[in-house]
Amino acid sequence: MSVETDFVGNAAADSAGEVIEDAPRPASSEGCPSPLGWAEVLESVRAESTAWSIDVEGAVLHGRTLGRGRPLYFLNGISGNWELFCLLAWLLRDDFRCVLFDYRTHEASGAADSARLSTKRLADDFLAVADGQHDQAFSLFAAPFGSLIALSAMAEHPTRIERAVLLGGFAQRRLSRFERFLCGAGRFLPGTAAQVPLRGTLQTASHQRAFPPFDASRWGFFAQNTGQTPIRDLAERAALMDETDLRGCLSRIEQPVLLIRTEHEGAISSAGQDELERSLPRASVEHMPLAGQLAYLTHPHRVAKAVRSFLIDAAAEGRPACEAVGLDNSCCADHKDESL
């Protein structure tokens, strides 16, 4: 399948709890940052963040708030939960109040909720979370599937979302006939994504090469986390990508948007990002080589630098693109392991 970067695959996670590095604090911004182990950072995020829950139309949404400063909301990919953003949120916690949460699930919604999932419904959930945090205006960071929710919310509520960073974003993505069949069948299947045949093989081929060699267990963390997503929820979200077309509203989105693009994004993903680049009135692009399609997890230091430059420096000085503030992604470009 090719519906999204984190839709398929689940590799073994035998070493998912291993801590490779021992210092949870990011290094100085000078030179290459010191690598950290994901497990210790995740433990620190859990300890220092505030857990919360909110009831939205019968579904209980759970999340965490970490850090201080201007609010920054994170929108997940199609599978996995907020923990996949732990490294990036940890790096940004001194500049932003990071709000992370998980999408509604069939289990959380309850048997009485028979309404079909829609982009609008997920966007309404997102804004309800912001209301619960008492944030009237905020910025956001979205992984690929989350870009649909981000764009929908930005078009319908332009005064609330100030700026957005989209990694692998798209406004519409068509599935093949076979993928539609799988989504239709998946809506009625029990179990989790870890049980999907061939998922591990496909996920490994797509993403493992971008993971840092100094922290081998980080791949296991990703595989284990995304593998816990219920098949039913995964299928419904994938079908939603096929059913949603936001291309007609892109010209109405006047907020500044940073598109982060990486290598190996594939023809389908590339076409979707090209569409955003052409159609969003205030889009700028940051090319991030050697980071892979899961850059917030594989190279979070580089993503954090791009986020700060776009949300703080460019906003303060009125400059539309991260290139205007001298963003340099060359640090450790020869090593492929310069991030957490």
# chains A, B, ... in the order shown; residues from 1 in each chain; ligands from 1
$ select_by_dssp --residues "region 165-229 of chain A" --states "strand (DSSP E or B)" --output "ChimeraX atom specification"
/A:165-167,192
$ select_by_dssp --residues "region 13-209 of chain A" --states "helix (DSSP H, G or I)" --output "ChimeraX atom specification"
/A:38-48,82-92,106-109,119-132,144-156,177-186,193-195,199-209
$ atom_distance --atom1 "CA of Glu236 (chain A)" --atom2 "CA of Ile78 (chain A)"
9.7 Å
$ atom_distance --atom1 "CA of Ser49 (chain A)" --atom2 "CA of Arg64 (chain A)"
6.0 Å
$ closest_residue --among "A:Lys120, A:Phe221, A:Asp55, A:Gly191" --to "Leu42 (chain A)" --atoms "only C-alpha atoms"
A:Phe221
$ atom_distance --atom1 "CA of Leu250 (chain A)" --atom2 "CA of Ala267 (chain A)"
20.8 Å
$ closest_atom_pairs --of "region 95-196 of chain A" --to "region 288-300 of chain A" --cutoff "9 Å" --atoms "only C-alpha atoms" --output "Markdown table"
| residue | atom | partner | partner_atom | distance |
| --- | --- | --- | --- | --- |
| A:Ala143 | CA | A:Leu294 | CA | 8.3 |
| A:Leu167 | CA | A:Gln293 | CA | 8.0 |
| A:Gly168 | CA | A:Gln293 | CA | 7.2 |
$ write_last_selection --atoms "N, CA and C atoms" --output "JSON list (two decimals), in the first residue's frame"
[["chain", "number", "residue", "atom", "x", "y", "z"],
["A", 143, "ALA", "N", 1.81, 15.78, 10.84],
["A", 143, "ALA", "CA", 2.36, 14.70, 10.03],
["A", 143, "ALA", "C", 1.40, 14.47, 8.86],
["A", 167, "LEU", "N", 4.48, 18.34, 7.37],
["A", 167, "LEU", "CA", 5.48, 17.39, 6.90],
["A", 167, "LEU", "C", 4.79, 16.36, 6.01],
["A", 168, "GLY", "N", 5.17, 16.32, 4.73],
["A", 168, "GLY", "CA", 4.53, 15.37, 3.82],
["A", 168, "GLY", "C", 3.06, 15.65, 3.62]]
$ residues_around --residues "Ala239 (chain A)" --least-positions-apart "5" --cutoff "8 Å" --atoms "only C-alpha atoms" --output "ChimeraX atom specification"
/A:175,180,183-184
$ write_last_selection --atoms "C-alpha atoms" --output "PDB file, in the first residue's frame"
ATOM      1  CA  LEU A 175      -6.435   5.104  -3.281  1.00  0.00           C
ATOM      2  CA  ARG A 180     -10.269   0.736  -1.244  1.00  0.00           C
ATOM      3  CA  CYS A 183     -10.155  -0.304   3.689  1.00  0.00           C
ATOM      4  CA  GLY A 184     -13.716  -1.559   3.286  1.00  0.00           C
TER       5      GLY A 184
END
$ closest_residue --among "A:Arg177, A:Leu246, A:His264, A:Phe101" --to "Arg209 (chain A)" --atoms "only C-alpha atoms"
A:His264
$ closest_residue --among "A:Ala171, A:Ala130, A:Leu240, A:Leu258" --to "Glu275 (chain A)" --atoms "only C-alpha atoms"
A:Ala171
$ closest_residue --among "A:Arg163, A:His134, A:Arg199, A:Arg261" --to "Glu277 (chain A)" --atoms "only C-alpha atoms"
A:Arg261
$ residues_around --residues "Phe170 (chain A)" --least-positions-apart "4" --cutoff "10 Å" --atoms "only C-alpha atoms" --output "ChimeraX atom specification"
/A:144-148,151,166,241,245-247,259,268-277
$ write_last_selection --atoms "N, CA and C atoms" --output "PDB file, in the first residue's frame"
ATOM      1  N   PRO A 144       1.742  13.599   7.892  1.00  0.00           N
ATOM      2  CA  PRO A 144       0.971  13.531   6.638  1.00  0.00           C
ATOM      3  C   PRO A 144      -0.548  13.467   6.782  1.00  0.00           C
ATOM      4  N   PHE A 145      -1.094  12.474   7.464  1.00  0.00           N
ATOM      5  CA  PHE A 145      -2.543  12.398   7.600  1.00  0.00           C
ATOM      6  C   PHE A 145      -3.094  13.623   8.321  1.00  0.00           C
ATOM      7  N   GLY A 146      -2.350  14.102   9.303  1.00  0.00           N
ATOM      8  CA  GLY A 146      -2.788  15.280  10.053  1.00  0.00           C
ATOM      9  C   GLY A 146      -2.906  16.530   9.209  1.00  0.00           C
ATOM     10  N   SER A 147      -2.249  16.555   8.043  1.00  0.00           N
ATOM     11  CA  SER A 147      -2.342  17.735   7.188  1.00  0.00           C
ATOM     12  C   SER A 147      -3.762  17.946   6.681  1.00  0.00           C
ATOM     13  N   LEU A 148      -4.533  16.875   6.472  1.00  0.00           N
ATOM     14  CA  LEU A 148      -5.929  17.034   6.063  1.00  0.00           C
ATOM     15  C   LEU A 148      -6.725  17.771   7.127  1.00  0.00           C
ATOM     16  N   LEU A 151      -5.490  21.515   7.271  1.00  0.00           N
ATOM     17  CA  LEU A 151      -5.978  22.351   6.175  1.00  0.00           C
ATOM     18  C   LEU A 151      -7.467  22.628   6.313  1.00  0.00           C
ATOM     19  N   LEU A 166       3.689  21.636   7.837  1.00  0.00           N
ATOM     20  CA  LEU A 166       3.167  20.369   7.338  1.00  0.00           C
ATOM     21  C   LEU A 166       4.317  19.518   6.812  1.00  0.00           C
ATOM     22  N   MET A 241      -8.889   9.605   3.600  1.00  0.00           N
ATOM     23  CA  MET A 241      -7.982  10.285   2.684  1.00  0.00           C
ATOM     24  C   MET A 241      -8.511  10.225   1.257  1.00  0.00           C
ATOM     25  N   ASP A 245     -11.335  15.807  -0.422  1.00  0.00           N
ATOM     26  CA  ASP A 245     -10.646  16.619  -1.434  1.00  0.00           C
ATOM     27  C   ASP A 245     -10.724  18.080  -1.005  1.00  0.00           C
ATOM     28  N   LEU A 246      -9.628  18.601  -0.495  1.00  0.00           N
ATOM     29  CA  LEU A 246      -9.579  19.978   0.002  1.00  0.00           C
ATOM     30  C   LEU A 246      -8.899  20.935  -0.975  1.00  0.00           C
ATOM     31  N   ARG A 247      -8.650  20.461  -2.188  1.00  0.00           N
ATOM     32  CA  ARG A 247      -7.932  21.301  -3.143  1.00  0.00           C
ATOM     33  C   ARG A 247      -8.687  22.585  -3.464  1.00  0.00           C
ATOM     34  N   LEU A 259       6.081  23.928   4.257  1.00  0.00           N
ATOM     35  CA  LEU A 259       6.034  22.548   3.792  1.00  0.00           C
ATOM     36  C   LEU A 259       7.426  21.947   3.941  1.00  0.00           C
ATOM     37  N   ILE A 268       3.434   9.778  -5.447  1.00  0.00           N
ATOM     38  CA  ILE A 268       2.118  10.205  -4.956  1.00  0.00           C
ATOM     39  C   ILE A 268       2.263  11.323  -3.935  1.00  0.00           C
ATOM     40  N   SER A 269       3.169  11.129  -2.989  1.00  0.00           N
ATOM     41  CA  SER A 269       3.391  12.162  -1.982  1.00  0.00           C
ATOM     42  C   SER A 269       3.939  13.434  -2.618  1.00  0.00           C
ATOM     43  N   SER A 270       4.844  13.285  -3.573  1.00  0.00           N
ATOM     44  CA  SER A 270       5.420  14.453  -4.234  1.00  0.00           C
ATOM     45  C   SER A 270       4.365  15.267  -4.966  1.00  0.00           C
ATOM     46  N   ALA A 271       3.442  14.580  -5.627  1.00  0.00           N
ATOM     47  CA  ALA A 271       2.381  15.290  -6.346  1.00  0.00           C
ATOM     48  C   ALA A 271       1.488  16.069  -5.379  1.00  0.00           C
ATOM     49  N   GLY A 272       1.189  15.467  -4.227  1.00  0.00           N
ATOM     50  CA  GLY A 272       0.360  16.156  -3.238  1.00  0.00           C
ATOM     51  C   GLY A 272       1.033  17.394  -2.683  1.00  0.00           C
ATOM     52  N   GLN A 273       2.333  17.302  -2.445  1.00  0.00           N
ATOM     53  CA  GLN A 273       3.048  18.455  -1.918  1.00  0.00           C
ATOM     54  C   GLN A 273       3.261  19.525  -2.984  1.00  0.00           C
ATOM     55  N   ASP A 274       3.451  19.106  -4.222  1.00  0.00           N
ATOM     56  CA  ASP A 274       3.521  20.077  -5.315  1.00  0.00           C
ATOM     57  C   ASP A 274       2.222  20.882  -5.409  1.00  0.00           C
ATOM     58  N   GLU A 275       1.098  20.191  -5.220  1.00  0.00           N
ATOM     59  CA  GLU A 275      -0.218  20.854  -5.264  1.00  0.00           C
ATOM     60  C   GLU A 275      -0.326  21.911  -4.168  1.00  0.00           C
ATOM     61  N   LEU A 276       0.132  21.588  -2.973  1.00  0.00           N
ATOM     62  CA  LEU A 276       0.086  22.554  -1.877  1.00  0.00           C
ATOM     63  C   LEU A 276       1.001  23.740  -2.163  1.00  0.00           C
ATOM     64  N   GLU A 277       2.171  23.446  -2.693  1.00  0.00           N
ATOM     65  CA  GLU A 277       3.128  24.517  -2.984  1.00  0.00           C
ATOM     66  C   GLU A 277       2.578  25.490  -4.018  1.00  0.00           C
TER      67      GLU A 277
END
$ residues_around --residues "Val307 (chain A)" --least-positions-apart "6" --cutoff "10 Å" --atoms "only C-alpha atoms" --output "list in words"
Leu88, Leu92, Leu140, Phe141, Ala164, Val165, Leu258, Ile260, His301, Asp313 and Cys322 of chain A
$ write_last_selection --atoms "C-alpha atoms" --output "PDB file, in the first residue's frame"
ATOM      1  CA  LEU A  88      10.390  16.928  18.812  1.00  0.00           C
ATOM      2  CA  LEU A  92      10.644  22.635  21.577  1.00  0.00           C
ATOM      3  CA  LEU A 140       0.378  23.622  14.526  1.00  0.00           C
ATOM      4  CA  PHE A 141       2.661  20.870  13.284  1.00  0.00           C
ATOM      5  CA  ALA A 164       1.271  25.705  10.206  1.00  0.00           C
ATOM      6  CA  VAL A 165       4.140  23.341   9.515  1.00  0.00           C
ATOM      7  CA  LEU A 258       5.856  25.752   5.842  1.00  0.00           C
ATOM      8  CA  ILE A 260       8.816  20.221   4.921  1.00  0.00           C
ATOM      9  CA  HIS A 301      16.819  18.415  15.904  1.00  0.00           C
ATOM     10  CA  ASP A 313      12.054  34.197  13.730  1.00  0.00           C
ATOM     11  CA  CYS A 322      12.577  29.829   6.452  1.00  0.00           C
TER      12      CYS A 322
END
$ closest_residue --among "A:Arg187, A:Arg252, A:His106, A:Arg160" --to "Tyr73 (chain A)" --atoms "only C-alpha atoms"
A:Arg160
$ residues_around --residues "Asp94 (chain A)" --least-positions-apart "5" --cutoff "8 Å" --atoms "only C-alpha atoms" --output "VMD selection string"
chain A and resid 67 to 69
$ residues_around --residues "Trp38 (chain A)" --least-positions-apart "2" --cutoff "7 Å" --atoms "only C-alpha atoms" --output "list in words"
Leu36, Glu40, Val41, Leu42, Leu87 and Arg218 of chain A
$ closest_residue --among "A:Leu202, A:Ile149, A:Ala306, A:Cys98" --to "Glu48 (chain A)" --atoms "only C-alpha atoms"
A:Cys98
